[in-house]
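J.: I'd like to ask some things about the structure below.
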Amino acid sequence: MQINQITNEKLGESVFCTRHESGLEIRVMPKAGYTSAYAVFGVKYGSIDTAIKNENGEFETIPEGTAHFLEHKLFESEDLNAFERFAKTGASANAYTSFEKTAYLFKGSENIGESLEILLDFVQNPYFTQQTVEKEQGIIGQEIRMYQDLPDWQVMFNLLRALYSAHPVRIDIAGTQESIAKIDADLLYRLYKNFYNPANMVLCVVGAIEPQEVFDIVDRCIKKTDVKPVERKFEKESGKPVQSFIEEQLSVAQKQFLLGFKEELDAPLLSLEDEIASEIVLEALCGKSSPLFKRLLDEELIDMGFGSEMFNGFGFSCVMIGGTSADPEKTADIIKSEIRKAQTEGIDPAAFERAKRKFYGRYVMCYNDIDDTANMLMNLYFNDYEPFAELEACKNLTVEKAQERLNILKADNSALSVISPIA
Amino acid sequence: MPQVRMIAEQVRLVSEQTDRFKTGRISVSMALPMDEKMAANSLLIFLLKRSCKEYPDFSLLNGKLDELYGASLSASVSKSGEAQVLTLSLTFLDDRFALTEESIAEQCAKLLASMIFSPNCKNGSFGAENLAAEKRLLIQRIEEELNDKRTYAFNRCISYMCANEAYGKDKYGTIEEIESVKITDVYSAWKNLLSSAIFQITVVGSCNADDVAEIFAKKFEKTERNPVKPETVFYKRGGHFNRYEEKFPVNQGKLVIGFRAGTADSRDNLAAVTVMNDIFGMGTYSKLFMNVREKLSLAYYCWSRLIASKGIVLVEGGIDTDKEKKVSAEILSQLSDLRNGKTDPEVLESSKRSLKERHTFTTPEGICAWYASQVLEDEILTPESLVGEIENVTMEQVCEAAKKLSIDTIFMLSAESEEGEENAD
């Protein structure tokens, strides 16, 4: 295995990267002075994967929520489940599923090597029966219900449903009660075989462990299979939303809103430079030190939770701005006019510099926590970027690039999602 | 090991110096009794966070934080036993990552001190407009507690359970109290804070704690101190058992069961009670996780939480409303097993290993929170020292601690059925 060491001098950190013969990418950042390590074993399979390529090379639809269901089920095995095995090393284990990936992780300060072996082993050894699948339908059913009552979650998914007509980013991560009812053990085995191929996975370890130890453990524990990359389906969507307004009533105290601007993509992925430029320009425009924030606060239209986010991934990209508001429509109009103003008059250079400095600081801060660092290394890998790429992109960002990213936000491509108290 | 020093009367500075992090954190915790001044105190902490004499406007202050590489300022109000704790914290980039020669840490320590000691006041007033704005935001914050039904149900259970104790009050004070706070009340609250609150300044990171101590000590030199230490009442047994229910148009019901832990103070039998609570319903090897969730699939989450500063344990779960009796019966049956020693010895070992792991903090925020939560304790307890005690806990001690748990109150947030009828069990 050829080991590639990537160092960031300013940060004083190095990442050791290698590709195992199985196709598995490994990235390790040893941290001096730490007694704990955090490992994440990720697979490029998330809620947006609602189709797989079959033997005839055609995309075939699968039920919604399978990635998340598999995440729950992999913890089980014929004898000791993964939690019971980690209990013996003392590590805290967990997993999560997002739009684009499933991640299995642990954090431990003792028996780190042993915990790593357990992590690699349980993810590579699926065990499902009809009975255990049915049991999980009950647990996940409760998880779905819990999210249905969370206004922050609902306001976002309603916005995604208003913006996207076909892209599966519009569906809930866990699927629905109906879609998970269609899942059985056979289907899980088939999907497992399709997605859980080392060439579609990455292992990132950060903290109190030597790179060579990680590489040796992987070599011992990874099953040798044919390298088989997984192809994702890219369906181009226009920049136009499905509907410009969506509202739902929930048991809440105040109205909540999220204003979204959809971006039309020619290629499935946005560049890191574009993504960061958007983040920084949004901060300059809507951050706590901006005139817009002050105005909305003075007019009693928002609270301190008001904020913005760049939300993008495979085949989707949009900007989200929102919070709690007594009058979401009026607030959205003010935001849109502020954006128009910055598009015609140009971004305030001082605000841009402040936002850039803030983001530089925040990106460095991400390397504080072994959890954040490992997850960031995984995300960069899944998007084909080298470690520390985001720091460089942030440092090199120009105001012209930020202006260019701001100028693509168009009122015609926007939608407003509102959650209102039950009348 | 942290360094502990007193820099003024009842003003303690706890610091852990380390250069392994990329950030530093300074947190100032200020504890006051839970009395009629709670609403004014709450408004005060948010006014202190809004602006200060040096940066007399919300945008200017936040602009300064952006320039400090996105230093993150937070203000919070919490309860520690029957004390209201106001906290102002700053997390900032370590000096070695600054793009120019400047000390971010020193600027942040000075900023924090000036926010507390030199607020944006003119002639003894925080400004009517600022107060009105913070009143609106605080009332909205309280009303929004309803949005997250899990937290709402948890707090409702405590307010019913401790209705006759100061602990039953909302940490911010009530909406009515907030509405009636006058501009002069906030100024008095500030004066009172400086003279009578118990202070702890917690510093984690590479910054020099001596410098931070000096910055704050100078401010306290000019302040007359008459600190008052809040006391907390511990009821060792639950009183008359009550069940309360509220109905909401939601999908999932929330069950909360409140127990008295049977402890006499926040450190009483702490190691054994911590392990007992962990085995009951914290870890993935716990009785509630293994049975309510894994075996019976009744919930996605069902766990127990120990509040040592008040001597209570709360069990909570998100469940189908019509399964309430089944779930509460299972929770009590698991407690009975725990009391009677029906616990695999391997689970006790798992719990000890896991608790050790969870007391190994890997961020400045984690370390800072651990020490800051001890603002009212006479002695600082290190995580290592608690872990050492935990390692010696026996199964008998776990059973004894479980036997001391006594049920006090059940709160059920029920989902209204669509027809508006009562849900049958």
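Residues in the structure tokens are named by chain (A, B, ... in the order shown) and by number from 1 within that chain; ligands are numbered from 1 in the order shown.
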Stretch 281-288 of chain A: which residues within 7 Å, counting only C-alpha atoms, same-chain residues fewer than 2 positions away excluded, as number ranges by chain?
T.: A: 277-279, 290, 292-293, 307-308, 351-352, 355, 402, 406; B: 59, 62
J.: Please produce a file of the residues just selected, as a CSV table (one decimal), in the first residue's frame, where the atoms kept are C-alpha atoms.
T.:
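Output file selection-v5.csv is given in full below:
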chain,number,residue,atom,x,y,z
A,277,ALA,CA,-18.3,31.0,-1.5
A,278,SER,CA,-22.1,30.6,-1.0
A,279,GLU,CA,-21.7,30.0,2.7
A,290,SER,CA,-25.3,42.2,9.1
A,292,LEU,CA,-30.4,42.7,7.5
A,293,PHE,CA,-30.3,40.8,10.9
A,307,GLY,CA,-29.8,31.9,10.1
A,308,SER,CA,-28.8,30.6,6.7
A,351,ALA,CA,-18.8,42.5,5.5
A,352,PHE,CA,-17.3,40.0,3.1
A,355,ALA,CA,-17.5,36.7,7.1
A,402,ALA,CA,-18.7,35.4,-3.8
A,406,LEU,CA,-24.8,35.6,-4.8
B,59,SER,CA,-24.2,44.6,15.1
B,62,ASN,CA,-21.2,40.7,16.6
J.: If we count only C-alpha atoms and set the cut-off at 7 Å, which residues sit around B:Val250, ignoring sequence neighbours fewer than 3 positions away in its own chain? Please answer as a list in words.
T.: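 With the cut-off at 7 Å, the set is Asp149 and Ser251 of chain A; Ala415 and Glu416 of chain B.
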J.: Considering only C-alpha atoms, give me a table of residues in chain A that are at most 7 Å from chain B, with the closest atom pair and distance in Å for each, as a tab-separated table.
T.:
residue	atom	partner	partner_atom	distance
A:Lys10	CA	B:Phe97	CA	6.9
A:Gly33	CA	B:Arg20	CA	5.9
A:Phe83	CA	B:Thr284	CA	6.4
A:Glu84	CA	B:Tyr285	CA	6.8
A:Ala87	CA	B:Ser350	CA	5.0
A:Lys88	CA	B:Ser350	CA	6.0
A:Gly90	CA	B:Arg353	CA	4.5
A:Ala91	CA	B:Ser354	CA	6.5
A:Ser92	CA	B:Ser354	CA	6.8
A:Gly108	CA	B:Glu357	CA	6.4
A:Ser109	CA	B:Glu357	CA	6.5
A:Lys135	CA	B:Ser297	CA	6.1
A:Gly138	CA	B:Ser297	CA	5.4
A:Ile139	CA	B:Tyr300	CA	5.0
A:Ile140	CA	B:Tyr300	CA	6.7
A:Gln142	CA	B:Tyr300	CA	5.5
A:Glu143	CA	B:Tyr300	CA	5.5
A:Arg145	CA	B:Asn251	CA	5.6
A:Met146	CA	B:Gln252	CA	6.0
A:Gln148	CA	B:Asn251	CA	6.9
A:Asp149	CA	B:Val250	CA	6.1
A:Leu150	CA	B:Asp148	CA	6.4
A:Pro151	CA	B:Asn147	CA	6.8
A:Ser251	CA	B:Pro249	CA	6.2
A:Val252	CA	B:Asn147	CA	4.8
A:Ala253	CA	B:Glu144	CA	5.5
A:Gln254	CA	B:Glu144	CA	6.9
A:Lys288	CA	B:Asn62	CA	6.0
A:Ser289	CA	B:Ser59	CA	4.3
A:Ser290	CA	B:Ser59	CA	6.6
A:Lys294	CA	B:Ser59	CA	6.7
A:Asp303	CA	B:Leu137	CA	6.2
A:Arg354	CA	B:Asp66	CA	5.6
A:Ala355	CA	B:Asp66	CA	6.6
A:Arg357	CA	B:Tyr69	CA	5.2
A:Lys358	CA	B:Gly70	CA	3.9
A:Phe359	CA	B:Gly70	CA	6.8
A:Tyr360	CA	B:Tyr69	CA	6.8
A:Gly361	CA	B:Tyr69	CA	4.5
A:Arg362	CA	B:Gly70	CA	6.3
A:Met365	CA	B:Lys22	CA	6.0
A:Asn368	CA	B:Lys22	CA	5.2
A:Asp369	CA	B:Thr363	CA	5.9
J.: Check the DSSP output for the backbone and give back, as a PyMOL selection string, the residues of stretch 159-192 of chain B in helix (DSSP H, G or I).
T.: chain B and resi 159-161+166-168+175-179+183-192
J.: What's around A:Ile302 at 7 Å? Count only C-alpha atoms, leave out sequence neighbours fewer than 2 positions away in its own chain, and write the answer as an MDAnalysis selection string.
T.: chainID A and resid 296:297 300 304 306 323:325
J.: Output N, CA and C atoms for every residue in the selection just made, as a CSV table (one decimal), in the first residue's frame.
T.:
chain,number,residue,atom,x,y,z
A,296,LEU,N,-34.3,43.1,10.8
A,296,LEU,CA,-35.4,42.1,11.0
A,296,LEU,C,-35.7,42.0,12.6
A,297,LEU,N,-34.6,42.1,13.3
A,297,LEU,CA,-34.7,42.0,14.8
A,297,LEU,C,-35.4,43.3,15.3
A,300,GLU,N,-39.0,43.3,14.9
A,300,GLU,CA,-39.6,42.1,15.6
A,300,GLU,C,-40.1,41.0,14.7
A,304,MET,N,-33.2,35.2,17.7
A,304,MET,CA,-31.7,35.0,17.6
A,304,MET,C,-31.5,33.7,16.8
A,306,PHE,N,-32.4,33.1,13.9
A,306,PHE,CA,-32.4,33.3,12.4
A,306,PHE,C,-31.1,33.0,11.8
A,323,GLY,N,-36.0,30.8,10.2
A,323,GLY,CA,-36.1,30.9,11.7
A,323,GLY,C,-37.6,31.0,12.1
A,324,THR,N,-37.8,31.7,13.3
A,324,THR,CA,-39.1,31.9,13.8
A,324,THR,C,-39.5,33.3,13.4
A,325,SER,N,-40.8,33.4,13.0
A,325,SER,CA,-41.2,34.8,12.6
A,325,SER,C,-42.7,34.9,12.8
J.: Quick one: residues within 10 Å of A:Gln130, only C-alpha atoms counted, chain neighbours fewer than 5 positions away excluded, as a PyMOL selection string?
T.: chain A and resi 135+183-186
J.: Write a file of the just-selected residues containing N, CA and C atoms, as a CSV table (one decimal), in the first residue's frame.
T.:
chain,number,residue,atom,x,y,z
A,135,LYS,N,-39.3,-6.5,14.1
A,135,LYS,CA,-39.1,-5.8,15.4
A,135,LYS,C,-38.6,-4.3,15.1
A,183,ILE,N,-40.1,-3.4,3.4
A,183,ILE,CA,-38.7,-4.0,3.5
A,183,ILE,C,-38.8,-5.3,4.1
A,184,ASP,N,-38.1,-6.3,3.5
A,184,ASP,CA,-37.9,-7.6,4.2
A,184,ASP,C,-36.4,-8.0,4.2
A,185,ALA,N,-36.1,-9.2,4.8
A,185,ALA,CA,-34.8,-9.6,4.9
A,185,ALA,C,-34.1,-9.8,3.6
A,186,ASP,N,-34.8,-10.4,2.6
A,186,ASP,CA,-34.2,-10.6,1.3
A,186,ASP,C,-33.7,-9.3,0.6
J.: I'd like the neighbourhood of A:Thr50 as a list in words, where a residue qualifies if any of its atoms comes within 10 Å (using only C-alpha atoms), though same-chain residues fewer than 3 positions away should be ignored.
T.: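 Listed by chain and then number, they are Tyr45, Gly46, Ser47, Phe59, Glu60, Thr61, Ile62, Pro63, Glu64, Gly65, Thr66, Ala67, His167, Pro168, Val169, Ile171, Arg232 and Lys233 of chain A.
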J.: Write out as a PyMOL selection string each polymer residue whose atoms come within 7 Å of A:Phe245, counting only C-alpha atoms; drop sequence neighbours fewer than 5 positions from it.
T.: chain A and resi 415-417
J.: Since we have the selection now, will you write its residues out, keeping N, CA and C atoms, as an mmCIF file, in the first residue's frame?
T.:
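Everything below was put into result-v1.cif:
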data_model
loop_
_atom_site.group_PDB
_atom_site.id
_atom_site.type_symbol
_atom_site.label_atom_id
_atom_site.label_comp_id
_atom_site.auth_asym_id
_atom_site.auth_seq_id
_atom_site.Cartn_x
_atom_site.Cartn_y
_atom_site.Cartn_z
ATOM 1 N N ALA A 415 -38.807 29.237 -2.916
ATOM 2 C CA ALA A 415 -40.046 28.747 -2.307
ATOM 3 C C ALA A 415 -40.002 29.065 -0.823
ATOM 4 N N LEU A 416 -41.184 29.266 -0.258
ATOM 5 C CA LEU A 416 -41.275 29.573 1.164
ATOM 6 C C LEU A 416 -42.054 28.473 1.872
ATOM 7 N N SER A 417 -41.437 27.911 2.909
ATOM 8 C CA SER A 417 -42.101 26.868 3.699
ATOM 9 C C SER A 417 -42.440 27.451 5.065
#
J.: I'd like the contact shell of A:Asn379 - 12 Å cut-off, only C-alpha atoms, skipping same-chain residues fewer than 3 positions apart - returned as a tab-separated table (two decimals) with C-alpha atoms, in the first residue's frame.
T.:
chain	number	residue	atom	x	y	z
A	27	ARG	CA	-7.56	8.30	6.15
A	40	VAL	CA	-16.01	6.42	11.32
A	41	PHE	CA	-16.67	3.75	8.71
A	42	GLY	CA	-18.83	5.28	6.01
A	43	VAL	CA	-20.65	3.96	2.99
A	44	LYS	CA	-21.84	6.09	0.10
A	98	SER	CA	-27.99	11.20	6.04
A	100	GLU	CA	-25.91	10.74	0.94
A	101	LYS	CA	-24.26	8.34	3.35
A	102	THR	CA	-24.49	5.90	6.21
A	103	ALA	CA	-21.83	6.14	8.91
A	201	MET	CA	-16.65	3.03	1.50
A	202	VAL	CA	-14.13	4.98	3.54
A	203	LEU	CA	-12.60	4.57	6.99
A	204	CYS	CA	-11.45	7.70	8.82
A	272	LEU	CA	-16.07	23.04	-2.96
A	313	GLY	CA	-25.13	17.22	-2.41
A	372	ASP	CA	-15.85	16.66	13.67
A	373	THR	CA	-12.46	16.03	12.11
A	374	ALA	CA	-13.18	12.41	11.21
A	375	ASN	CA	-16.58	13.26	9.76
A	376	MET	CA	-15.08	16.10	7.76
A	382	PHE	CA	-16.91	11.23	-0.67
A	383	ASN	CA	-16.85	14.48	-2.65
A	384	ASP	CA	-13.43	13.72	-4.16
A	385	TYR	CA	-11.45	16.26	-2.14
A	386	GLU	CA	-8.15	16.01	-0.35
A	387	PRO	CA	-7.91	16.76	3.38
A	388	PHE	CA	-7.74	20.48	4.26
A	389	ALA	CA	-9.17	21.45	0.85
A	390	GLU	CA	-11.85	23.55	2.57
J.: Restricting the calculation to only C-alpha atoms: of B:Leu32, B:Leu306, B:Ala209, B:Val387, which residue gets closest to B:Gln3?
T.: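 Closest residue, counting only C-alpha atoms: B:Ala209.
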J.: Using backbone DSSP assignments, extract all strand (DSSP E) residues from stretch 87-183 of chain B; output them as number ranges by chain.
T.: B: 87-93
J.: What is the atom CA of A:Tyr96-atom CA of A:Ile52 distance in Å, reported with one decimal?
T.: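 Interatomic distance here is 21.0 Å.
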J.: Could you tell me which of A:Ile112, A:Ala208, A:Met378, A:Ile370 comes closest to A:Cys17 if we count only C-alpha atoms?
T.: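 For A:Cys17, the nearest of the candidates is A:Met378.
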J.: I'd like the interatomic distance between atom CA of B:Tyr152 and atom CA of A:Met156, to a tenth of an Å.
T.: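 A separation of 21.7 Å between them.
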J.: Could you tell me how far atom CA of B:Thr263 lies from atom CA of B:Asp408, in Å and to one decimal?
T.: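 Taking atom CA of B:Thr263 and atom CA of B:Asp408, their separation equals 14.4 Å.
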J.: Counting only C-alpha atoms, figure out which residue out of B:Ser27, B:Ser266, B:Asn164, B:Asn242 gets nearest to B:Ala109.
T.: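 Residue with the minimum atom-to-atom distance to B:Ala109: B:Ser27.
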J.: Counting only C-alpha atoms, which of A:Ile408, A:Ala95, A:Leu380, A:Ile118 gets nearest to A:Ile222?
T.: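 Closest residue, counting only C-alpha atoms: A:Ile118.
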J.: Nearest residue to A:Ser238 out of A:Leu163, A:Met310, A:Ile422, A:Ile321, using only C-alpha atoms?
T.: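 Result for the nearest residue to A:Ser238: A:Leu163.
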